[in-house]
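**Student:** So here's upload-v3.tsv, just TSV, C-alpha atoms:
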chain	number	residue	atom	x	y	z
A	1	MET	CA	-1.92	-26.99	-0.88
A	2	THR	CA	0.65	-26.21	1.76
A	3	GLU	CA	-0.52	-23.86	4.47
A	4	GLN	CA	1.86	-21.14	5.52
A	5	ARG	CA	1.90	-18.41	8.13
A	6	VAL	CA	4.28	-15.51	8.57
A	7	SER	CA	4.16	-13.01	11.44
A	8	TYR	CA	5.87	-9.69	12.06
A	9	THR	CA	6.23	-7.60	15.22
A	10	LEU	CA	6.34	-3.94	14.25
A	11	ASP	CA	6.80	-0.60	15.99
A	12	SER	CA	3.98	1.91	16.37
A	13	SER	CA	5.28	4.24	13.69
A	14	LEU	CA	4.39	5.68	10.31
A	15	GLU	CA	7.06	3.44	8.80
A	16	THR	CA	5.12	0.41	10.02
A	17	ILE	CA	2.11	1.48	7.97
A	18	ASP	CA	4.13	1.63	4.75
A	19	ASN	CA	5.92	-1.58	5.73
A	20	ALA	CA	2.65	-3.44	6.31
A	21	GLU	CA	1.30	-2.27	2.96
A	22	GLU	CA	4.47	-3.38	1.16
A	23	LYS	CA	4.36	-6.81	2.80
A	24	ALA	CA	0.70	-7.23	1.85
A	25	THR	CA	1.41	-6.25	-1.74
A	26	ARG	CA	4.31	-8.68	-1.99
A	27	ILE	CA	2.48	-11.61	-0.43
A	28	ALA	CA	-0.72	-11.06	-2.41
A	29	THR	CA	1.37	-10.88	-5.57
A	30	GLU	CA	3.22	-14.08	-4.70
A	31	LEU	CA	-0.08	-15.83	-4.05
A	32	GLY	CA	-1.26	-14.97	-7.53
A	33	PHE	CA	-4.09	-12.57	-6.80
A	34	PRO	CA	-5.07	-10.39	-9.77
A	35	ASP	CA	-3.89	-6.78	-9.81
A	36	ASP	CA	-7.17	-5.25	-8.66
A	37	GLU	CA	-7.37	-7.59	-5.67
A	38	ILE	CA	-3.71	-6.98	-4.80
A	39	MET	CA	-4.55	-3.29	-4.58
A	40	GLN	CA	-7.60	-4.03	-2.44
A	41	ILE	CA	-5.66	-6.28	-0.06
A	42	SER	CA	-2.74	-3.88	0.31
A	43	MET	CA	-5.06	-0.94	0.89
A	44	ALA	CA	-7.10	-2.84	3.49
A	45	VAL	CA	-3.91	-3.80	5.30
A	46	ARG	CA	-2.71	-0.20	5.16
A	47	GLU	CA	-5.99	1.00	6.70
A	48	GLY	CA	-5.77	-1.70	9.37
A	49	ALA	CA	-2.21	-0.70	10.17
A	50	VAL	CA	-3.24	2.96	10.39
A	51	ASN	CA	-5.90	2.05	12.93
A	52	ALA	CA	-3.46	-0.05	14.95
A	53	VAL	CA	-0.68	2.54	14.98
A	54	LEU	CA	-2.78	5.70	15.42
A	55	HIS	CA	-6.02	4.80	17.11
A	56	GLY	CA	-4.87	1.67	18.92
A	57	ASN	CA	-1.31	2.18	20.08
A	58	ALA	CA	-1.34	5.96	19.59
A	59	TYR	CA	2.29	5.89	18.41
A	60	ALA	CA	3.41	4.62	21.86
A	61	ALA	CA	7.01	3.44	21.64
A	62	ASP	CA	6.43	0.59	24.09
A	63	LYS	CA	3.47	-0.85	22.18
A	64	LYS	CA	3.77	-3.15	19.20
A	65	VAL	CA	1.70	-4.07	16.17
A	66	ILE	CA	1.57	-7.77	15.32
A	67	LEU	CA	0.92	-8.40	11.63
A	68	ALA	CA	0.37	-11.95	10.37
A	69	PHE	CA	-0.42	-13.44	6.97
A	70	GLU	CA	-1.81	-16.96	6.71
A	71	ARG	CA	-2.61	-18.88	3.55
A	72	THR	CA	-5.15	-21.62	3.92
A	73	GLY	CA	-6.59	-23.71	1.12
A	74	SER	CA	-9.16	-21.13	0.13
A	75	ASP	CA	-8.27	-17.92	1.91
A	76	LEU	CA	-5.62	-15.34	2.61
A	77	ILE	CA	-6.12	-14.47	6.28
A	78	ILE	CA	-4.45	-11.34	7.64
A	79	THR	CA	-4.51	-10.42	11.31
A	80	ILE	CA	-3.39	-7.11	12.78
A	81	ARG	CA	-3.22	-6.84	16.55
A	82	ASP	CA	-2.51	-3.72	18.58
A	83	GLN	CA	-2.03	-3.10	22.28
A	84	GLY	CA	-4.36	-0.15	22.60
A	85	PRO	CA	-7.47	0.46	24.71
A	86	GLY	CA	-9.86	-0.95	22.12
A	87	MET	CA	-12.60	0.66	20.09
A	88	ASP	CA	-16.35	0.89	20.35
A	89	LEU	CA	-17.61	-0.08	16.90
A	90	SER	CA	-21.07	1.27	17.69
A	91	LYS	CA	-19.59	4.76	17.87
A	92	ILE	CA	-18.12	4.65	14.37
A	93	PRO	CA	-20.49	6.63	12.13
A	94	ASN	CA	-21.56	5.51	8.68
A	95	PRO	CA	-19.28	7.47	6.32
A	96	LEU	CA	-21.88	7.29	3.53
A	97	ALA	CA	-24.58	9.07	5.52
A	98	PRO	CA	-25.17	12.53	4.04
A	99	GLU	CA	-24.27	14.22	7.32
A	100	ASN	CA	-20.92	12.41	7.37
A	101	LEU	CA	-19.82	12.77	3.75
A	102	LEU	CA	-17.72	15.85	4.47
A	103	LYS	CA	-16.02	14.44	7.55
A	104	THR	CA	-12.29	14.19	7.15
A	105	SER	CA	-11.92	10.83	8.90
A	106	GLY	CA	-13.84	7.65	9.65
A	107	ARG	CA	-13.53	5.82	6.31
A	108	GLY	CA	-10.84	3.25	7.16
A	109	ILE	CA	-13.07	0.41	8.37
A	110	PHE	CA	-15.57	1.13	5.61
A	111	LEU	CA	-12.83	0.77	2.98
A	112	MET	CA	-11.60	-2.47	4.55
A	113	ARG	CA	-15.13	-3.87	4.41
A	114	SER	CA	-15.45	-2.74	0.80
A	115	PHE	CA	-12.23	-4.46	-0.27
A	116	MET	CA	-12.16	-7.68	1.76
A	117	ASP	CA	-14.55	-10.65	1.90
A	118	VAL	CA	-14.55	-10.80	5.70
A	119	VAL	CA	-13.61	-8.14	8.25
A	120	GLU	CA	-13.75	-9.00	11.94
A	121	ILE	CA	-12.77	-6.71	14.79
A	122	ARG	CA	-12.67	-8.05	18.32
A	123	PRO	CA	-11.17	-7.02	21.62
A	124	THR	CA	-8.38	-9.14	23.11
A	125	GLN	CA	-6.85	-9.14	26.59
A	126	THR	CA	-4.12	-6.83	25.35
A	127	GLY	CA	-5.82	-4.68	22.73
A	128	THR	CA	-7.74	-5.16	19.50
A	129	GLU	CA	-7.48	-7.84	16.83
A	130	LEU	CA	-8.48	-7.13	13.25
A	131	LYS	CA	-8.96	-10.08	10.92
A	132	LEU	CA	-9.11	-9.54	7.17
A	133	ILE	CA	-9.97	-12.42	4.84
A	134	LYS	CA	-9.77	-12.51	1.06
A	135	HIS	CA	-11.03	-15.60	-0.71
A	136	VAL	CA	-8.76	-17.07	-3.33
A	137	HIS	CA	-10.41	-17.17	-6.73
A	138	GLY	CA	-9.27	-18.92	-9.87
A	139	PRO	CA	-6.84	-21.75	-10.58
A	140	THR	CA	-3.75	-19.55	-10.61
A	141	ALA	CA	-4.18	-18.18	-7.09
A	142	GLY	CA	-1.83	-19.78	-4.62
A	143	GLY	CA	0.53	-20.91	-7.30
A	144	LYS	CA	3.46	-19.58	-5.36
A	145	GLU	CA	4.06	-19.65	-1.65
A	146	ALA	CA	4.54	-16.50	0.40
A	147	SER	CA	8.08	-16.11	1.62
A	148	GLN	CA	9.36	-14.07	4.53
B	149	MET	CA	6.99	7.56	-4.31
B	150	SER	CA	6.17	10.47	-2.03
B	151	MET	CA	3.90	13.25	-3.13
B	152	LYS	CA	5.06	16.23	-5.19
B	153	VAL	CA	3.12	19.31	-6.15
B	154	GLY	CA	3.64	22.19	-8.54
B	155	SER	CA	1.23	25.02	-9.17
B	156	ARG	CA	0.61	27.27	-12.14
B	157	GLN	CA	-1.89	29.99	-13.09
B	158	VAL	CA	-4.25	29.61	-16.04
B	159	ASP	CA	-6.73	32.48	-16.63
B	160	GLY	CA	-6.97	33.31	-12.94
B	161	VAL	CA	-7.28	29.70	-11.86
B	162	VAL	CA	-4.53	27.90	-9.98
B	163	ILE	CA	-3.82	24.43	-11.27
B	164	VAL	CA	-2.04	22.29	-8.70
B	165	ASP	CA	-0.31	19.39	-10.43
B	166	CYS	CA	0.00	16.57	-7.93
B	167	SER	CA	1.98	13.37	-8.35
B	168	GLY	CA	2.75	10.34	-6.22
B	169	ARG	CA	0.78	9.21	-3.18
B	170	ILE	CA	-1.59	11.16	-0.96
B	171	THR	CA	-1.38	9.12	2.21
B	172	LEU	CA	-1.11	9.57	5.95
B	173	GLY	CA	1.99	11.57	6.78
B	174	GLU	CA	3.99	13.56	4.29
B	175	GLY	CA	1.60	13.33	1.33
B	176	SER	CA	-1.38	14.62	3.28
B	177	VAL	CA	0.67	17.38	4.90
B	178	ILE	CA	2.02	18.60	1.55
B	179	LEU	CA	-1.49	18.85	0.11
B	180	ARG	CA	-2.82	20.62	3.21
B	181	ASP	CA	0.04	23.13	3.26
B	182	THR	CA	-0.24	23.79	-0.47
B	183	VAL	CA	-3.97	24.59	-0.35
B	184	ARG	CA	-3.65	26.71	2.79
B	185	ASP	CA	-0.79	28.64	1.24
B	186	LEU	CA	-2.78	29.30	-1.93
B	187	LEU	CA	-5.79	30.50	0.05
B	188	ALA	CA	-3.62	32.70	2.25
B	189	LYS	CA	-2.33	34.39	-0.90
B	190	GLY	CA	-5.86	35.09	-2.08
B	191	ASN	CA	-6.21	32.30	-4.62
B	192	LYS	CA	-9.85	31.20	-4.47
B	193	LYS	CA	-10.12	29.21	-7.70
B	194	ILE	CA	-8.19	26.00	-7.30
B	195	VAL	CA	-7.99	22.85	-9.43
B	196	LEU	CA	-6.20	19.79	-8.11
B	197	ASN	CA	-4.82	17.90	-11.10
B	198	LEU	CA	-4.57	14.30	-9.86
B	199	GLN	CA	-3.49	12.74	-13.14
B	200	GLU	CA	-0.20	11.52	-11.67
B	201	VAL	CA	-1.62	10.49	-8.29
B	202	ASN	CA	-1.53	6.72	-8.24
B	203	TYR	CA	-2.62	6.06	-4.68
B	204	ILE	CA	-4.79	7.67	-2.01
B	205	ASP	CA	-5.62	6.16	1.38
B	206	SER	CA	-8.40	7.15	3.76
B	207	SER	CA	-6.22	9.90	5.23
B	208	GLY	CA	-5.63	11.26	1.74
B	209	ILE	CA	-9.35	11.16	1.03
B	210	GLY	CA	-9.87	13.09	4.26
B	211	GLU	CA	-7.32	15.63	3.14
B	212	LEU	CA	-9.14	16.14	-0.18
B	213	VAL	CA	-12.36	16.71	1.75
B	214	SER	CA	-10.58	19.12	4.07
B	215	ALA	CA	-9.13	21.05	1.12
B	216	PHE	CA	-12.60	21.24	-0.45
B	217	THR	CA	-14.35	22.50	2.69
B	218	THR	CA	-11.55	24.88	3.69
B	219	THR	CA	-11.63	26.48	0.26
B	220	LYS	CA	-15.42	26.68	0.26
B	221	ASN	CA	-15.48	28.20	3.74
B	222	GLN	CA	-13.19	30.96	2.51
B	223	GLY	CA	-15.46	31.78	-0.40
B	224	GLY	CA	-13.54	29.82	-2.98
B	225	GLU	CA	-14.00	26.75	-5.13
B	226	LEU	CA	-11.83	23.65	-5.39
B	227	LYS	CA	-12.29	21.17	-8.22
B	228	LEU	CA	-10.64	17.89	-9.15
B	229	LEU	CA	-9.13	17.16	-12.55
B	230	ASN	CA	-7.97	14.01	-14.35
B	231	LEU	CA	-8.69	11.30	-11.83
B	232	THR	CA	-6.95	7.96	-12.30
B	233	LYS	CA	-9.18	4.90	-12.27
B	234	LYS	CA	-8.08	4.00	-8.74
B	235	VAL	CA	-8.87	7.44	-7.36
B	236	ASN	CA	-12.11	7.62	-9.33
B	237	ASP	CA	-13.19	4.24	-7.91
B	238	LEU	CA	-12.40	5.40	-4.38
B	239	LEU	CA	-14.48	8.53	-4.78
B	240	GLN	CA	-17.34	6.42	-6.16
B	241	ILE	CA	-17.16	3.93	-3.26
B	242	THR	CA	-17.14	6.69	-0.68
B	243	LYS	CA	-19.88	8.66	-2.49
B	244	LEU	CA	-17.57	11.67	-2.64
B	245	TYR	CA	-17.98	11.80	-6.39
B	246	THR	CA	-21.29	13.48	-5.62
B	247	VAL	CA	-19.54	16.12	-3.51
B	248	PHE	CA	-16.59	17.10	-5.67
B	249	ASP	CA	-16.82	18.83	-9.01
B	250	VAL	CA	-14.73	16.45	-11.10
B	251	LYS	CA	-13.43	17.44	-14.54
B	252	ASP	CA	-11.59	15.43	-17.14
B	253	ASP	CA	-9.98	18.17	-19.17
B	254	GLU	CA	-8.14	21.25	-18.05
B	255	ALA	CA	-9.75	23.76	-20.40
B	256	SER	CA	-13.29	22.97	-19.27
B	257	ALA	CA	-12.13	22.91	-15.65
B	258	VAL	CA	-10.76	26.45	-16.00
B	259	LYS	CA	-13.84	27.68	-17.87
B	260	SER	CA	-16.19	26.21	-15.27
B	261	PHE	CA	-15.25	28.81	-12.65
B	262	LYS	CA	-17.62	31.74	-12.50
Would it be possible to restate this file's structure as structure tokens?

**Tutor:**
Amino acid sequence: MTEQRVSYTLDSSLETIDNAEEKATRIATELGFPDDEIMQISMAVREGAVNAVLHGNAYAADKKVILAFERTGSDLIITIRDQGPGMDLSKIPNPLAPENLLKTSGRGIFLMRSFMDVVEIRPTQTGTELKLIKHVHGPTAGGKEASQ
Amino acid sequence: MSMKVGSRQVDGVVIVDCSGRITLGEGSVILRDTVRDLLAKGNKKIVLNLQEVNYIDSSGIGELVSAFTTTKNQGGELKLLNLTKKVNDLLQITKLYTVFDVKDDEASAVKSFK
């Protein structure tokens, strides 16, 4: 199966969040994922883009979000990089803990982990890189190539 | 599709019919403003009808929680009505189904207020 990678450099804006979600929906659809997994992938990408735009780049006009989709033989790999100061994962509370249930934020990473097979967050020299992986299931997945 | 809301009174309860997406930005702001406006006008019994809401992100979930706690803190009650499967699943995953009073028909939602 042909491997393919597409990458986008996006502004730190609300439009980027919708744009990233739309791209994820389109590519996951083209790759043949079932409807429920398309929703999971697009929502995880949306949450990742929210983190990059708001918490990473803090809407700074001079900072960019790099969004990439890569199809390997068995996986859809999505990376979202920001140019922010980074995050301390140990300080992110468990949103399912009773004392946190009524908090109005802090569920984005939890939702990504719920929807994707692998979620990795690591600091880079210029910010934070989020990697989201969804395994391809079934013979129909990957039947069509993602296009830019 | 951006979010739209319309409200109506049924036996002293305000039903807020929501449609579209409750997401970061406009959708969350519309919901926040709507609930605050209702509370400011003395409406303490509020039902959010989410039948036509097809998408909520984590910001939208946060806004639902905020609406719930804001209403409760002002001596009122806010309940959810007619969840779509997607929204229902999200509330299950986040354990918020245990927090919200969720109804699946309008008449029983209205009657459930004391």

**Student:** Residues of chain B near chain A: apply a cut-off of 9 Å, count all atoms listed in the file, and supply the list as a PyMOL selection string.

**Tutor:** chain B and resi 172-173+205-207+209-214+216-217+238+241-244+247

**Student:** Take CA of Leu186 in chain B and CA of Gln222 in chain B and report the distance between them in Å, one decimal.

**Tutor:**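 For CA of Leu186 in chain B relative to CA of Gln222 in chain B, the distance reads 11.4 Å.
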
**Student:** For each of A:Ile121, A:Ile66, A:Leu76, A:Leu54, take the minimum atom-to-atom distance to Ala28 in chain A, counting all atoms listed in the file, then give the residue where this is smallest.

**Tutor:**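 Closest to Ala28 in chain A of all the choices is A:Leu76.
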
**Student:** Pick out the closest residue to Thr16 in chain A from this set: A:His55, A:His137, A:Arg71, A:Lys64. Count only C-alpha atoms.

**Tutor:** A:Lys64

**Student:** Work out how far CA of Glu37 in chain A is from CA of Ile78 in chain A, in Å to one decimal.

**Tutor:**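 Taking CA of Ile78 in chain A as the start and CA of Glu37 in chain A as the end point, the length is 14.1 Å.
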
**Student:** Between CA of Lys193 in chain B and CA of Gly223 in chain B, what is the distance in Å, rounded to a tenth?

**Tutor:**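 Taking CA of Lys193 in chain B as the start and CA of Gly223 in chain B as the end point, the length is 9.4 Å.
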
**Student:** When you look at range 124-128 of chain A with a cut-off of 8 Å (counting all atoms listed in the file), what residues show up, excluding the ones that are within fewer than 4 positions of it in the same chain? I need them as number ranges by chain.

**Tutor:** A: 56, 81-87

**Student:** Write out the residues from the selection above, keeping C-alpha atoms, as a PDB file, in the coordinates of the input.

**Tutor:**
ATOM      1  CA  GLY A  56      -4.870   1.670  18.920  1.00  0.00           C
ATOM      2  CA  ARG A  81      -3.220  -6.840  16.550  1.00  0.00           C
ATOM      3  CA  ASP A  82      -2.510  -3.720  18.580  1.00  0.00           C
ATOM      4  CA  GLN A  83      -2.030  -3.100  22.280  1.00  0.00           C
ATOM      5  CA  GLY A  84      -4.360  -0.150  22.600  1.00  0.00           C
ATOM      6  CA  PRO A  85      -7.470   0.460  24.710  1.00  0.00           C
ATOM      7  CA  GLY A  86      -9.860  -0.950  22.120  1.00  0.00           C
ATOM      8  CA  MET A  87     -12.600   0.660  20.090  1.00  0.00           C
TER       9      MET A  87
END

**Student:** Give me the residues near Ile41 in chain A as a PyMOL selection string, where near means some atom within 12 Å (using all atoms listed in the file) and where sequence neighbours in that chain fewer than 2 positions away do not count.

**Tutor:** chain A and resi 20-29+31+33-39+43-48+69+76-78+111-119+132-136

**Student:** Pick out the residues sitting within 12 Å of Glu225 in chain B, and hand them over as a PyMOL selection string; count only C-alpha atoms, and ignore anything fewer than 2 positions along from it in its own chain.

**Tutor:** chain B and resi 161-162+183+186-187+191-196+215-223+227-228+248-250+257-258+260-262

**Student:** Using all atoms listed in the file, which of A:Asp62, A:Asn94, A:Gln40, A:Asp11 sits nearest Lys234 in chain B?

**Tutor:** A:Gln40

**Student:** Do a neighbour search on Lys259 in chain B at 10 Å with only C-alpha atoms, toss out local chain neighbours closer than 5 positions, and write the hits as a short mmCIF file (atom, residue, chain, number, x, y, z; two decimals) with C-alpha atoms, keeping the file's coordinate frame.

**Tutor:**
data_model
loop_
_atom_site.label_atom_id
_atom_site.label_comp_id
_atom_site.auth_asym_id
_atom_site.auth_seq_id
_atom_site.Cartn_x
_atom_site.Cartn_y
_atom_site.Cartn_z
CA VAL B 158 -4.25 29.61 -16.04
CA ASP B 159 -6.73 32.48 -16.63
CA VAL B 161 -7.28 29.70 -11.86
CA GLU B 254 -8.14 21.25 -18.05
#
